[in-house]
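Report on one structure; see the data block that follows.
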Protein chains: 2
Amino acid sequence: VETPRLNEFLGHLEGLEMSRQEAVLETFSRDESQLEAARPEVVIFAKSTQDVARCLMWANKFQIPVTPVGARSGKSGGSLCVAGGVALSLSRMDQVLNLNAIDRTLTAQPGVILDALKARAEQVGLWYPPDPNSAAWCTLGGTIAENAGGPCALKYGVTGHYVLSMEWVTPQGDIVRVGAQTHKGVAGYNLVQLFVGSEGTLGVCTEATLKLIPKPAHVITALFQFRSMAQALAMVSSAMTQGAWPRCVELLDETALRVAALPEIASTSQAVLIVECDGSDEAAVLSEMDLLRTLGLNSGALEPTVAQSAAQREAIWQVRRNVSLALKTLKRFKLSEDIVIPISRLAEAIESIKALGRSRGLLVATYGHAGDGNLHTNVLFDDPSERPTVEKLLTDIMKLTVDLGGTITGEHGVGSAKRAHLRLEQSPQVIDIQTKMKQLFDPKGILNPHKIF
Amino acid sequence: VETPRLNEFLGHLEGLEMSRQEAVLETFSRDESQLEAARPEVVIFAKSTQDVARCLMWANKFQIPVTPVGARSGKSGGSLCVAGGVALSLSRMDQVLNLNAIDRTLTAQPGVILDALKARAEQVGLWYPPDPNSAAWCTLGGTIAENAGGPCALKYGVTGHYVLSMEWVTPQGDIVRVGAQTHKGVAGYNLVQLFVGSEGTLGVCTEATLKLIPKPAHVITALFQFRSMAQALAMVSSAMTQGAWPRCVELLDETALRVAALPEIASTSQAVLIVECDGSDEAAVLSEMDLLRTLGLNSGALEPTVAQSAAQREAIWQVRRNVSLALKTLKRFKLSEDIVIPISRLAEAIESIKALGRSRGLLVATYGHAGDGNLHTNVLFDDPSERPTVEKLLTDIMKLTVDLGGTITGEHGVGSAKRAHLRLEQSPQVIDIQTKMKQLFDPKGILNPHKIF
């Protein structure tokens, strides 16, 4: 953006907290996507819906790009200011505004940290299920923008399933309310679900009312080891057909297993499943885990290790959460993908992906949410010069995914990272519908430009 | 539509099954909404996606109104051809195309009867939870168009929560695929959830892939009687705060109770709750019902009657399903509403609605899904001349609903019936966004005109 135009725009925003300091701009130029840094020209810290509305109204008038930013924990570059302009931070708007235990609803601002929100619900025995890996530092707004999931999505669904209504600021700076405060509501088009997952391209969420459910009183976590990936996936398939409904089925392949510091792993183990059951009745949860144990043993698993305490459970999950980082001990760089494969094609997919990696001379580690087919395939490499080959491999993987009836992203979003891949999955007509909708909402294209399409 | 234009249009549709017989047009002029009959000029029975595409392409060229029609079981007039033109019946497209027990997905055409679809899933131990009252005769396509719910929505959500992807014909006759075949998927805008509940105004669903879940092995149904509505609603509130998660909590007020042929109802009972718990473990289900029994007794309920057999369960539900019809034994006419009230305001809402009815000299019966606040308030009257007063009362009820933080429709949709009321709930800006989206998809306004807005 030319400096005079930017300055004129900023002149209309007196009283707003903002920064143009190098260190701040540098911080806001990165997220967790491993994409190239993209520097904003100014960071504006909104403290209220009015701040957001003012910022967008003037940005629209002066055609200044605005990218809404939460905790920058996204994996697809959704919060990167690739066109410069404003990084609009929502992190100061971090309050839980209302919690109604009878209505089982919670209303919060977008900057609240997800774990803080979840803790508030748990104080009254209620639960907000979405549990992305970054729950301890990501913000509600970011999870809404990307429609985030997590391990529990298998049984409990993703963010969108829990968003009932939103206060929303349009790219023109108008403040609207969409959706209903109640668990049910079908009046008009479902704008809430259109906005959830729109990656900050259609407007900015400034308040959301969420559906809560009773917190399951009992949770059991068990670790199953297999001598082969095929055995592990056979267990997943049999769990699906035998009526099991664990809340998580997380997979680690042999590469992920090698770097993960899981205790008591046999040297012969080539794959691990972390399986978690929950419910209101302890005996019922034990009985479901017993069914899964039988299915596991029938598929060739070793006797599963069942966590005997909250500390042991947490230790297992700590390892699972650290896999992403631990893989960087193998190679300097990694690119993490987020594909979803139909469960019935998982074995074929993982085998083919390994083979594709080998044919390009690259190591691929796969872990993730096997229970719903959402795999994080990580391409590992040591030298930046390998990047073009890595990109080719990623395209191979995306093509395979689509061929197997899957999707290129299960919970990270398209952002900047997967723009080129979207065309592998969606027809020109479907993309055309979406670009027209973007134009309808944001004719000047100021809001998070160059994302998704 | 002028006859020459209609005839020219129909001339392009040779080979399609259609009818212009009086009896057929008469049949297709009504649904279950009690709204004025609206006669199509021709009924076209699509047998394939190609038929739908051809019909829409030519209708768009000749500007012929087209209203997609399933079983005409809707309650808001969504399938009424209020602008004449074509009733496009999808009832011949009634096949289940695929059922994958490992992927827990089912793909079907829109004309399949909901209970048939549910039965197919149950053959492999899986379950499709949406259970509108009309499940034995409504079609999948109609439930997608209206985002239908039912008693089990309390625990399991509504239709939209289970629609993963769709084949969709645009108003221009283009065939597109939206969504992903997998349980998870966030690529691009959520067009699936935009289309679900769009009441046939944005396009026509010709195929849908649905998410299935394990069928709960155990279900217990109990009937709680109370000496007052306040007691019944106190039980609902305490169930919410005490961690209970029944799958249904259905309410009958004293008027509904009087006409319903429930067995063993005490003469002093003024309200009834039908409470149903489910799960994979019998003891756990019994234990949850035991918690609910305690909460009921603490709220003043008589000892609940627990169904001792599938036949007894079915008998209770048969009565519940017949309430709507049974109310017509009290008065010749009734208008059924579909409001949702936050649980914490339910008692206030029901009392106020009765009072509003009294002040207008009209009898109001309330029953419905108290567990999620979705009430069917029925205004009963004998003489068509009372209709204007009834309309005034409905407006009073809608205003009250919105004032209490509720929504005007929980599962029936806006259709023709609640067009005027939508403005009570949604701001002009929100309605403007939606009308612009309608224009974007259907610039000539041929598809189900005059609905929602």
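Going through the structure tokens in order, the chains are called A, B, and so on, while each chain numbers its residues from 1 and the ligands are numbered from 1 in the order shown.
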message: Report as an MDAnalysis selection string all protein, DNA and RNA residues lying within 8 Å of range 154-165 of chain A, evaluated on only C-alpha atoms, omitting residues in the same chain fewer than 2 positions from it.
response: (chainID A and resid 128:130 143:144 147:152 167 177:183 192:193 196:197 208:212 245:249 369 371:372) or (chainID B and resid 161 184)
- prompt: What residues in range 177-335 of chain B get the DSSP label strand (DSSP E)? Please answer as a PyMOL selection string.
  reply: chain B and resi 177-179+204-211+213-214+218-226+248-252+271-279+305-306+333-335
field: Exercise: range 76-83 of chain B partners within 7 Å, only C-alpha atoms, chain neighbours under 5 positions left out, as a list in words
entry: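 That gives Ser29, Arg30, Asp31, Ser33, Leu35, Ala38, Arg39, Pro40, Pro65, Thr67, Pro68, Val69, Glu199, His412, Gly413, Val414, Gly415, Ser416, Ala417, Pro449 and Lys451 of chain B.
The space between CA of Asp103 in chain B and CA of Ala153 in chain A spans 15.0 Å.
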task: For chain B, report every residue with an atom at most 7 Å from chain A (counting only C-alpha atoms), formatted as an NGL selection string.
output: :B and (101-103 or 125 or 147 or 176 or 180-191 or 193-194 or 197-198 or 214 or 237 or 240-241 or 243 or 245 or 281 or 284 or 340-344 or 372 or 405-411 or 413-414 or 430 or 434 or 452)
query: Skipping near chain neighbours, those fewer than 4 positions away, what residues fall within 8 Å of Ala135 in chain B using only C-alpha atoms, listed as a ChimeraX atom specification?
result: /B:113-115,131,139
